[in-house]
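Participant: Here's a structure for you.
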Amino acid sequence: MKKQTLIGLGFSLSLILTNAAQVWAVQPASVDQHADVSWSRVIDNPFDGRIVYDKNYTDDFAFVSVWSKQGIRATYTRYWKVVDGYKPVWRTRRVYSHHEGKYIDREYQDREPVYRQLSEDLSPREILFAIRGKVYRYEDGIVEPELANALANAPSGNMTIRVILQNGKTFETEIGSDTVEAWKTLFR
């Protein structure tokens, strides 16, 4: 009887801790980098009120964020390729033919890799901002007045932020200058 109670208690505790860990994190962005939205401008969203969408992406990643006084939502999407197999291809190379005494084109069969594109969406655990010599932290919930004020008064131009993912990995990415400018309206 005691053994079952302890197992049940352990399971309940792990379930509570798992759910708590999910709550204490930046929520995922409501759009991806391909969304047809107005980027880097304050808009009225029927679900979230006044917001600003931002994206920064390369071939390797996309960082999409949604900014509002009610909260910051963000998703980091990592892209990579894996070889899925090979296909035969015909190629041509120029070789010197001693028999003919000149350069000729010769065809040969080769193999070419076929790639499969993979992606993984990760939510940040927290976002750090270095504004005017002070570091601010955002983890979840409404944007605290001190951070909102710092964002509203951030220097013009692109801003580098530090993102700490749920798995503990850290990276820095830029928020575009138009989004930083939109913060001046959004967070006042």
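For the structure tokens, the naming scheme is as follows: chains receive sequential letters (A, B, ...) according to their order of presentation, residues are indexed from 1 within each chain, and ligands are indexed from 1 in presentation order.
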Give me the residues near Glu126 of chain A as a PyMOL selection string, where near means some atom within 9 Å (using only C-alpha atoms) and where sequence neighbours in that chain fewer than 6 positions away do not count.

Facilitator: chain A and resi 24-26+137-140+162-166

Participant: Pick out the residues sitting within 10 Å of Ile51 of chain A, and hand them over as a VMD selection string; count only C-alpha atoms, and ignore anything fewer than 5 positions along from it in its own chain.

Facilitator: chain A and resid 40 to 45 66 to 72 182 to 183 186 to 187

Participant: Which of these residues is nearest to Gly141 of chain A, using only C-alpha atoms: A:Asp60, A:Val82, A:Arg73, A:Val31?

Facilitator: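 Among the listed residues, A:Arg73 lies closest to Gly141 of chain A.
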
Participant: Could you go through segment 8-125 of chain A and tell me which residues DSSP, when run on the backbone, assigns to strand (DSSP E or B), listing them as a ChimeraX atom specification?

Facilitator: /A:27,39,43-45,49-57,61-68,71-97,102-122,124-125

Participant: Env of Val180 of chain A: 7 Å cut, atoms = only C-alpha atoms, seq-sep filter 6 positions within chain, self excluded. Answer as a ChimeraX atom specification.

Facilitator: /A:156-158

Participant: What is the distance between atom CA of Gln27 of chain A and atom CA of Ala150 of chain A, in Å to one decimal?

Facilitator: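 Separation of atom CA of Gln27 of chain A and atom CA of Ala150 of chain A: 21.1 Å.
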
Participant: Given the choices A:Ser97, A:Gln117, A:Ser65, A:Asn153, which gets closest to Arg188 of chain A if the distance is worked out from only C-alpha atoms?

Facilitator: A:Asn153

Participant: Could you tell me which of A:Lys102, A:Thr160, A:Asp36, A:Ser123 comes closest to Thr173 of chain A if we count only C-alpha atoms?

Facilitator: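 Of the candidates, the smallest distance to Thr173 of chain A is held by A:Thr160.
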
Participant: Enter the distance from atom CA of Lys81 of chain A to atom CA of Met159 of chain A, in Å, rounded to one decimal.

Facilitator: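 These two atoms are separated by 29.5 Å.
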
Participant: Which is closest to Val64 of chain A among A:Glu181, A:Asp32, A:Glu107, A:Asp48, if we use only C-alpha atoms?

Facilitator: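 Looking only at the distances to Val64 of chain A, the closest residue turns out to be A:Asp32.
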
Participant: To one decimal place in Å, what is the distance between atom CA of Ala62 of chain A and atom CA of Arg132 of chain A?

Facilitator: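 Calculated distance between atom CA of Ala62 of chain A and atom CA of Arg132 of chain A is 26.6 Å.
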
Participant: Determine, counting only C-alpha atoms, which protein, DNA and RNA residues have an atom within 12 Å of an atom of Leu118 of chain A; residues of the same chain fewer than 6 positions away are not included. Present the result as an NGL selection string.

Facilitator: :A and (59-61 or 77-84)

Participant: With distances taken over only C-alpha atoms, which of A:Tyr53, A:Tyr136, A:Phe129, A:Trp90 is nearest to Thr75 of chain A?

Facilitator: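 The answer is A:Tyr53, which sits nearest to Thr75 of chain A.
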
Participant: Would you please work out which residue, of A:Arg116, A:Pro145, A:Asp54, A:His99, is nearest to Val37 of chain A when using only C-alpha atoms?

Facilitator: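 Answer, going by the shortest atom-to-atom distance: A:Asp54.
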
Participant: Could you go through chain A and tell me which residues DSSP, when run on the backbone, assigns to helix (DSSP H, G or I), listing them as a VMD selection string?

Facilitator: chain A and resid 2 to 23 145 to 152 177 to 186
